[in-house]
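S.K.: Encoded as structure tokens, here's the structure I'll be asking about.
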Amino acid sequence: MKEVGIAAGVVISIYMLTAIYLFLYQRDFLYFPSSPIAHQFNVEEFSIDNESIHVVVLNSGHNKAIIYFGGNAEAVAERAPEFKKNFPEHTLYLVNYRGYGGSSGYPAEQALYADAQFIYDKVVVRHQLISVIGRSLGTGVATMLASTRAIHKMALITPYDSIENIAQDRYPIYPIFILLNDKFDSASRVKDIDSQTLIILAENDAIVPYKRSAELIKTFPSSQVRVEIIKNADHVTLSHKDRYYSLLSEFM
């Protein structure tokens with residue numbers, strides 16, 4: 001019996017230590033800040049909370065605009081040539097999150113939300129219509145913005161219902177609802193979103209499970225959402241497919 005008690009104590013200790021580790025380092029699992037890369041595109045700096053947010057600006061001067069929120073390890077400047085080419089009638093704002101692509105600070109859910117709203121409020125006076133594109137992590141920022149600001153159209157690429165649910169699926173024995181600070185609960189915001197929405201999924205996505213995207217899709221009225229699946233693509237390679245940009249440009 002003594003050996004059983006010792007074994008149980010070891011298991012409990014490992015469980016508790018792992019829970020503490022997940023809590024303390026949770027943002028290291030969620031955010032993978034990209035380094036600045038050399039490019040020839042214009043960059044506008046937005047100052048908020050003593051931080052400088054760098055936004056790549058393409059095709060200035062159009063009545064219609066798109067704000068783009070990328071994935072958790074994405075260097076948005078790398079997307080600039082394709083965005084510039086595929087959206088010639090839109091001004092585009094590709095947002096580098098805090099700590100990404102030359103922006104200062106550290107990423108966190110509420111900080112990303114505040115930055116998105118601040119940028120929107122600064123640029124809305126320049127355009128008649130603003131749409132939003134979010135990819136992966138950025139879909140949570142996009143849905144927040146669409147639920148609190150006037151957004152013409154919204155495209156969500158490999159979205160999830162919530163980061164909390166993804167984390168709970170990956171760590172089922174831990175109380176993620178207690179441990180997790182940045183929950184990005186997109187599904188709860190759909191009721192406040194009026195934008196026509198395009199959702200693009202990758203057939204072989206191993207990062208955002210189909211179940212998590214499907215749960216988000218179910219929260220939209222069928223008349224409001226269009227879902228497209230890119231065949232033979234995974235979470236990363238779907239943007240390498242010709243159909244990716246053709247779907248986005250057609251929708252916008």
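Residues in the structure tokens are numbered from 1 in each chain, the chains being A, B, ... in the order shown, and ligands are numbered from 1 in the order shown.
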Which residues, written as a list in words, have at least one atom at most 7 Å from region 87-94 of chain A, with only C-alpha atoms counted and residues fewer than 4 positions away on the same chain left out?
M.R.: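 Surrounding residues, per the criterion: Val55, Val56, Val57, Leu58, Asn59, Ser60, Gly61, His62, Lys64, Ala65, Ile66, Ile67, Tyr68, Phe69, Val76, Phe83 and Ser249 of chain A.
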S.K.: Could you pull the residues within 9 Å of His54 (chain A), counting only C-alpha atoms, minus those fewer than 5 positions along the same chain, as an MDAnalysis selection string?
M.R.: chainID A and resid 43:46 94:98 100:104
S.K.: List the spatial neighbours of Ala146 (chain A) as an MDAnalysis selection string - criterion: any atom at most 10 Å away, only C-alpha atoms, same-chain residues fewer than 2 positions off excluded.
M.R.: chainID A and resid 117 131:132 141:144 148:154 189:190 192:195
S.K.: Using DSSP on the backbone coordinates, identify the residues of region 8-217 of chain A assigned to alpha helix (DSSP H); present them as an mmCIF file with N, CA and C atoms, in the first residue's frame.
M.R.:
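out.cif, freshly written:
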```
data_model
loop_
_atom_site.group_PDB
_atom_site.id
_atom_site.type_symbol
_atom_site.label_atom_id
_atom_site.label_comp_id
_atom_site.auth_asym_id
_atom_site.auth_seq_id
_atom_site.Cartn_x
_atom_site.Cartn_y
_atom_site.Cartn_z
ATOM 1 N N ALA A 8 1.026 7.269 -6.341
ATOM 2 C CA ALA A 8 -0.049 8.245 -6.516
ATOM 3 C C ALA A 8 0.465 9.658 -6.279
ATOM 4 N N GLY A 9 1.332 9.787 -5.278
ATOM 5 C CA GLY A 9 1.901 11.095 -4.994
ATOM 6 C C GLY A 9 2.754 11.614 -6.135
ATOM 7 N N VAL A 10 3.514 10.709 -6.749
ATOM 8 C CA VAL A 10 4.346 11.099 -7.898
ATOM 9 C C VAL A 10 3.462 11.561 -9.057
ATOM 10 N N VAL A 11 2.414 10.793 -9.327
ATOM 11 C CA VAL A 11 1.506 11.139 -10.431
ATOM 12 C C VAL A 11 0.862 12.499 -10.178
ATOM 13 N N ILE A 12 0.390 12.701 -8.961
ATOM 14 C CA ILE A 12 -0.250 13.978 -8.634
ATOM 15 C C ILE A 12 0.744 15.127 -8.754
ATOM 16 N N SER A 13 1.981 14.899 -8.309
ATOM 17 C CA SER A 13 2.997 15.945 -8.398
ATOM 18 C C SER A 13 3.298 16.304 -9.848
ATOM 19 N N ILE A 14 3.419 15.284 -10.685
ATOM 20 C CA ILE A 14 3.678 15.533 -12.109
ATOM 21 C C ILE A 14 2.511 16.290 -12.733
ATOM 22 N N TYR A 15 1.307 15.876 -12.366
ATOM 23 C CA TYR A 15 0.111 16.554 -12.894
ATOM 24 C C TYR A 15 0.115 18.035 -12.503
ATOM 25 N N MET A 16 0.371 18.308 -11.232
ATOM 26 C CA MET A 16 0.341 19.688 -10.749
ATOM 27 C C MET A 16 1.462 20.517 -11.366
ATOM 28 N N LEU A 17 2.639 19.946 -11.470
ATOM 29 C CA LEU A 17 3.768 20.672 -12.058
ATOM 30 C C LEU A 17 3.508 20.989 -13.532
ATOM 31 N N THR A 18 2.913 20.027 -14.234
ATOM 32 C CA THR A 18 2.591 20.257 -15.639
ATOM 33 C C THR A 18 1.531 21.346 -15.776
ATOM 34 N N ALA A 19 0.542 21.333 -14.901
ATOM 35 C CA ALA A 19 -0.495 22.366 -14.924
ATOM 36 C C ALA A 19 0.114 23.745 -14.677
ATOM 37 N N ILE A 20 1.016 23.816 -13.707
ATOM 38 C CA ILE A 20 1.691 25.095 -13.421
ATOM 39 C C ILE A 20 2.508 25.555 -14.621
ATOM 40 N N TYR A 21 3.193 24.602 -15.260
ATOM 41 C CA TYR A 21 4.001 24.931 -16.444
ATOM 42 C C TYR A 21 3.112 25.461 -17.571
ATOM 43 N N LEU A 22 1.988 24.788 -17.812
ATOM 44 C CA LEU A 22 1.075 25.230 -18.861
ATOM 45 C C LEU A 22 0.533 26.619 -18.565
ATOM 46 N N PHE A 23 0.247 26.887 -17.297
ATOM 47 C CA PHE A 23 -0.277 28.200 -16.925
ATOM 48 C C PHE A 23 0.764 29.293 -17.118
ATOM 49 N N LEU A 24 1.986 29.038 -16.636
ATOM 50 C CA LEU A 24 3.017 30.073 -16.669
ATOM 51 C C LEU A 24 3.510 30.367 -18.078
ATOM 52 N N GLN A 26 1.835 29.602 -21.038
ATOM 53 C CA GLN A 26 0.766 29.382 -22.014
ATOM 54 C C GLN A 26 0.932 30.237 -23.266
ATOM 55 N N ARG A 27 1.385 31.465 -23.122
ATOM 56 C CA ARG A 27 1.502 32.328 -24.304
ATOM 57 C C ARG A 27 2.650 31.902 -25.216
ATOM 58 N N ASP A 28 3.605 31.146 -24.682
ATOM 59 C CA ASP A 28 4.661 30.602 -25.545
ATOM 60 C C ASP A 28 4.123 29.511 -26.458
ATOM 61 N N PHE A 29 3.006 28.899 -26.073
ATOM 62 C CA PHE A 29 2.373 27.884 -26.916
ATOM 63 C C PHE A 29 1.458 28.521 -27.967
ATOM 64 N N LEU A 30 1.012 29.741 -27.701
ATOM 65 C CA LEU A 30 0.005 30.377 -28.552
ATOM 66 C C LEU A 30 0.597 31.347 -29.563
ATOM 67 N N ALA A 80 2.287 40.432 -48.793
ATOM 68 C CA ALA A 80 1.985 41.693 -49.462
ATOM 69 C C ALA A 80 1.930 41.602 -50.985
ATOM 70 N N PRO A 81 2.884 40.951 -51.662
ATOM 71 C CA PRO A 81 2.797 40.915 -53.130
ATOM 72 C C PRO A 81 1.508 40.285 -53.644
ATOM 73 N N GLU A 82 1.080 39.184 -53.043
ATOM 74 C CA GLU A 82 -0.140 38.522 -53.487
ATOM 75 C C GLU A 82 -1.379 39.350 -53.162
ATOM 76 N N PHE A 83 -1.409 39.972 -51.990
ATOM 77 C CA PHE A 83 -2.546 40.814 -51.645
ATOM 78 C C PHE A 83 -2.633 42.015 -52.572
ATOM 79 N N LYS A 84 -1.516 42.635 -52.832
ATOM 80 C CA LYS A 84 -1.489 43.806 -53.711
ATOM 81 C C LYS A 84 -2.007 43.448 -55.103
ATOM 82 N N LYS A 85 -1.609 42.287 -55.589
ATOM 83 C CA LYS A 85 -2.003 41.854 -56.931
ATOM 84 C C LYS A 85 -3.468 41.445 -56.994
ATOM 85 N N ASN A 86 -3.962 40.770 -55.967
ATOM 86 C CA ASN A 86 -5.299 40.192 -56.023
ATOM 87 C C ASN A 86 -6.407 41.137 -55.565
ATOM 88 N N GLU A 109 -4.378 38.581 -25.789
ATOM 89 C CA GLU A 109 -5.700 38.690 -26.411
ATOM 90 C C GLU A 109 -6.273 40.104 -26.341
ATOM 91 N N GLN A 110 -6.368 40.659 -25.144
ATOM 92 C CA GLN A 110 -6.997 41.973 -25.009
ATOM 93 C C GLN A 110 -6.189 43.069 -25.698
ATOM 94 N N ALA A 111 -4.871 42.922 -25.711
ATOM 95 C CA ALA A 111 -4.020 43.902 -26.396
ATOM 96 C C ALA A 111 -4.261 43.857 -27.898
ATOM 97 N N LEU A 112 -4.368 42.652 -28.463
ATOM 98 C CA LEU A 112 -4.643 42.523 -29.898
ATOM 99 C C LEU A 112 -6.009 43.095 -30.250
ATOM 100 N N TYR A 113 -6.987 42.887 -29.383
ATOM 101 C CA TYR A 113 -8.311 43.457 -29.620
ATOM 102 C C TYR A 113 -8.253 44.988 -29.603
ATOM 103 N N ALA A 114 -7.595 45.534 -28.601
ATOM 104 C CA ALA A 114 -7.514 46.993 -28.486
ATOM 105 C C ALA A 114 -6.812 47.601 -29.697
ATOM 106 N N ASP A 115 -5.746 46.946 -30.156
ATOM 107 C CA ASP A 115 -5.020 47.446 -31.322
ATOM 108 C C ASP A 115 -5.895 47.404 -32.568
ATOM 109 N N ALA A 116 -6.640 46.322 -32.744
ATOM 110 C CA ALA A 116 -7.508 46.185 -33.921
ATOM 111 C C ALA A 116 -8.559 47.289 -33.950
ATOM 112 N N GLN A 117 -9.178 47.540 -32.823
ATOM 113 C CA GLN A 117 -10.199 48.585 -32.774
ATOM 114 C C GLN A 117 -9.589 49.961 -32.985
ATOM 115 N N PHE A 118 -8.410 50.183 -32.425
ATOM 116 C CA PHE A 118 -7.726 51.471 -32.579
ATOM 117 C C PHE A 118 -7.389 51.719 -34.051
ATOM 118 N N ILE A 119 -6.825 50.710 -34.706
ATOM 119 C CA ILE A 119 -6.472 50.847 -36.122
ATOM 120 C C ILE A 119 -7.724 51.091 -36.964
ATOM 121 N N TYR A 120 -8.774 50.335 -36.723
ATOM 122 C CA TYR A 120 -10.031 50.533 -37.445
ATOM 123 C C TYR A 120 -10.514 51.975 -37.285
ATOM 124 N N ASP A 121 -10.540 52.455 -36.048
ATOM 125 C CA ASP A 121 -11.064 53.798 -35.791
ATOM 126 C C ASP A 121 -10.227 54.879 -36.466
ATOM 127 N N LYS A 122 -8.947 54.623 -36.664
ATOM 128 C CA LYS A 122 -8.081 55.589 -37.338
ATOM 129 C C LYS A 122 -8.284 55.584 -38.848
ATOM 130 N N VAL A 123 -8.526 54.404 -39.433
ATOM 131 C CA VAL A 123 -8.578 54.321 -40.895
ATOM 132 C C VAL A 123 -9.996 54.419 -41.450
ATOM 133 N N LEU A 137 -5.037 32.243 -35.984
ATOM 134 C CA LEU A 137 -5.141 33.076 -34.782
ATOM 135 C C LEU A 137 -5.925 34.349 -35.075
ATOM 136 N N GLY A 138 -5.672 34.946 -36.228
ATOM 137 C CA GLY A 138 -6.302 36.213 -36.577
ATOM 138 C C GLY A 138 -7.799 36.163 -36.762
ATOM 139 N N THR A 139 -8.376 34.953 -36.901
ATOM 140 C CA THR A 139 -9.828 34.878 -37.019
ATOM 141 C C THR A 139 -10.509 35.323 -35.725
ATOM 142 N N GLY A 140 -9.846 35.088 -34.596
ATOM 143 C CA GLY A 140 -10.402 35.555 -33.333
ATOM 144 C C GLY A 140 -10.419 37.064 -33.241
ATOM 145 N N VAL A 141 -9.378 37.714 -33.773
ATOM 146 C CA VAL A 141 -9.332 39.175 -33.790
ATOM 147 C C VAL A 141 -10.367 39.712 -34.777
ATOM 148 N N ALA A 142 -10.479 39.059 -35.932
ATOM 149 C CA ALA A 142 -11.435 39.505 -36.949
ATOM 150 C C ALA A 142 -12.870 39.436 -36.448
ATOM 151 N N THR A 143 -13.241 38.347 -35.776
ATOM 152 C CA THR A 143 -14.615 38.224 -35.288
ATOM 153 C C THR A 143 -14.905 39.241 -34.189
ATOM 154 N N MET A 144 -13.908 39.512 -33.344
ATOM 155 C CA MET A 144 -14.114 40.549 -32.334
ATOM 156 C C MET A 144 -14.387 41.885 -33.001
ATOM 157 N N LEU A 145 -13.572 42.235 -34.008
ATOM 158 C CA LEU A 145 -13.738 43.535 -34.671
ATOM 159 C C LEU A 145 -15.086 43.614 -35.376
ATOM 160 N N ALA A 146 -15.474 42.536 -36.041
ATOM 161 C CA ALA A 146 -16.759 42.529 -36.752
ATOM 162 C C ALA A 146 -17.943 42.601 -35.802
ATOM 163 N N SER A 147 -17.744 42.183 -34.555
ATOM 164 C CA SER A 147 -18.837 42.229 -33.574
ATOM 165 C C SER A 147 -18.945 43.584 -32.885
ATOM 166 N N THR A 148 -17.948 44.438 -33.080
ATOM 167 C CA THR A 148 -17.943 45.730 -32.379
ATOM 168 C C THR A 148 -17.836 46.930 -33.311
ATOM 169 N N ILE A 163 -10.109 29.306 -28.888
ATOM 170 C CA ILE A 163 -8.799 28.749 -28.546
ATOM 171 C C ILE A 163 -8.929 27.864 -27.306
ATOM 172 N N GLU A 164 -9.827 28.233 -26.417
ATOM 173 C CA GLU A 164 -10.042 27.428 -25.212
ATOM 174 C C GLU A 164 -10.429 26.000 -25.577
ATOM 175 N N ASN A 165 -11.316 25.842 -26.538
ATOM 176 C CA ASN A 165 -11.754 24.503 -26.922
ATOM 177 C C ASN A 165 -10.645 23.719 -27.611
ATOM 178 N N ILE A 166 -9.837 24.392 -28.424
ATOM 179 C CA ILE A 166 -8.692 23.717 -29.037
ATOM 180 C C ILE A 166 -7.733 23.226 -27.953
ATOM 181 N N ALA A 167 -7.443 24.086 -26.979
ATOM 182 C CA ALA A 167 -6.531 23.703 -25.901
ATOM 183 C C ALA A 167 -7.105 22.578 -25.053
ATOM 184 N N GLN A 168 -8.420 22.622 -24.805
ATOM 185 C CA GLN A 168 -9.035 21.560 -23.999
ATOM 186 C C GLN A 168 -8.965 20.221 -24.713
ATOM 187 N N ASP A 169 -9.130 20.231 -26.034
ATOM 188 C CA ASP A 169 -9.015 18.993 -26.805
ATOM 189 C C ASP A 169 -7.597 18.427 -26.725
ATOM 190 N N ARG A 170 -6.610 19.299 -26.693
ATOM 191 C CA ARG A 170 -5.216 18.849 -26.681
ATOM 192 C C ARG A 170 -4.767 18.417 -25.291
ATOM 193 N N ILE A 176 -8.713 23.617 -18.549
ATOM 194 C CA ILE A 176 -8.226 24.713 -19.378
ATOM 195 C C ILE A 176 -9.016 25.996 -19.130
ATOM 196 N N PHE A 177 -10.300 25.863 -18.815
ATOM 197 C CA PHE A 177 -11.110 27.067 -18.582
ATOM 198 C C PHE A 177 -10.592 27.875 -17.392
ATOM 199 N N ILE A 178 -9.875 27.216 -16.495
ATOM 200 C CA ILE A 178 -9.266 27.918 -15.360
ATOM 201 C C ILE A 178 -7.873 28.412 -15.716
ATOM 202 N N LEU A 179 -7.117 27.602 -16.423
ATOM 203 C CA LEU A 179 -5.710 27.907 -16.674
ATOM 204 C C LEU A 179 -5.499 28.961 -17.756
ATOM 205 N N TYR A 210 -11.090 20.107 -37.811
ATOM 206 C CA TYR A 210 -12.347 20.433 -38.492
ATOM 207 C C TYR A 210 -13.485 20.622 -37.487
ATOM 208 N N LYS A 211 -13.486 19.832 -36.427
ATOM 209 C CA LYS A 211 -14.537 19.940 -35.416
ATOM 210 C C LYS A 211 -14.650 21.353 -34.865
ATOM 211 N N ARG A 212 -13.523 21.984 -34.634
ATOM 212 C CA ARG A 212 -13.528 23.321 -34.059
ATOM 213 C C ARG A 212 -14.044 24.356 -35.066
ATOM 214 N N SER A 213 -13.698 24.184 -36.341
ATOM 215 C CA SER A 213 -14.244 25.071 -37.364
ATOM 216 C C SER A 213 -15.736 24.833 -37.541
ATOM 217 N N ALA A 214 -16.141 23.569 -37.535
ATOM 218 C CA ALA A 214 -17.548 23.233 -37.729
ATOM 219 C C ALA A 214 -18.429 23.809 -36.628
ATOM 220 N N GLU A 215 -17.922 23.802 -35.398
ATOM 221 C CA GLU A 215 -18.695 24.361 -34.292
ATOM 222 C C GLU A 215 -18.893 25.861 -34.464
ATOM 223 N N LEU A 216 -17.897 26.541 -35.016
ATOM 224 C CA LEU A 216 -18.062 27.967 -35.305
ATOM 225 C C LEU A 216 -19.072 28.167 -36.422
ATOM 226 N N ILE A 217 -18.956 27.402 -37.482
ATOM 227 C CA ILE A 217 -19.851 27.540 -38.634
ATOM 228 C C ILE A 217 -21.312 27.373 -38.212
#
```
S.K.: Calculated over only C-alpha atoms, which of the candidates A:Ile230, A:Asn72, A:Ile48, A:Ile53 has the smallest distance to Tyr31 (chain A)?
M.R.: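 With only C-alpha atoms as the atom set, the closest residue is A:Asn72.
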S.K.: Write out as a PyMOL selection string each polymer residue whose atoms come within 12 Å of Glu250 (chain A), counting only C-alpha atoms; drop sequence neighbours fewer than 2 positions from it.
M.R.: chain A and resi 86-87+153+155+198+243-248+252
S.K.: What is the distance between CA of Phe32 (chain A) and CA of Ser136 (chain A), in Å to one decimal?
M.R.: 12.6 Å
S.K.: Just how far from CA of Pro221 (chain A) is CA of Ser162 (chain A), in Å to one decimal?
M.R.: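 About the pair CA of Ser162 (chain A) and CA of Pro221 (chain A): they are 18.3 Å apart.
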S.K.: Select from region 7-122 of chain A everything DSSP, run on the backbone, classes as strand (DSSP E), then give the selection as a list in words.
M.R.: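 Secondary structure check on region 7-122 of chain A, strand (DSSP E): Asn42, Val43, Glu44, Glu45, Phe46, Ser47, Ile48, Glu51, Ser52, Ile53, His54, Val55, Val56, Val57, Leu58, Lys64, Ala65, Ile66, Ile67, Tyr68, Phe69, His90, Thr91, Leu92, Tyr93, Leu94 and Val95 of chain A.
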S.K.: Find the residue from A:Leu156, A:Ala187, A:Ile130, A:Leu180 that sits nearest to Val225 (chain A); use only C-alpha atoms when measuring.
M.R.: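 Nearest candidate to Val225 (chain A) out of A:Leu156, A:Ala187, A:Ile130, A:Leu180: A:Leu156.
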S.K.: One decimal, Å: what's the distance from CA of Lys231 (chain A) over to CA of Glu203 (chain A), could you say?
M.R.: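 These atoms are spaced 5.1 Å apart.
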S.K.: Taking only C-alpha atoms into account, name the residue in A:Asp242, A:Glu51, A:Gln196, A:Tyr171 that is nearest to Ser222 (chain A).
M.R.: A:Gln196
S.K.: May I ask which of the residues A:Ala233, A:Ile133, A:Ala73, A:Ile37 is the closest one to Pro159 (chain A), counting only C-alpha atoms?
M.R.: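 For Pro159 (chain A), the nearest of the candidates is A:Ile133.
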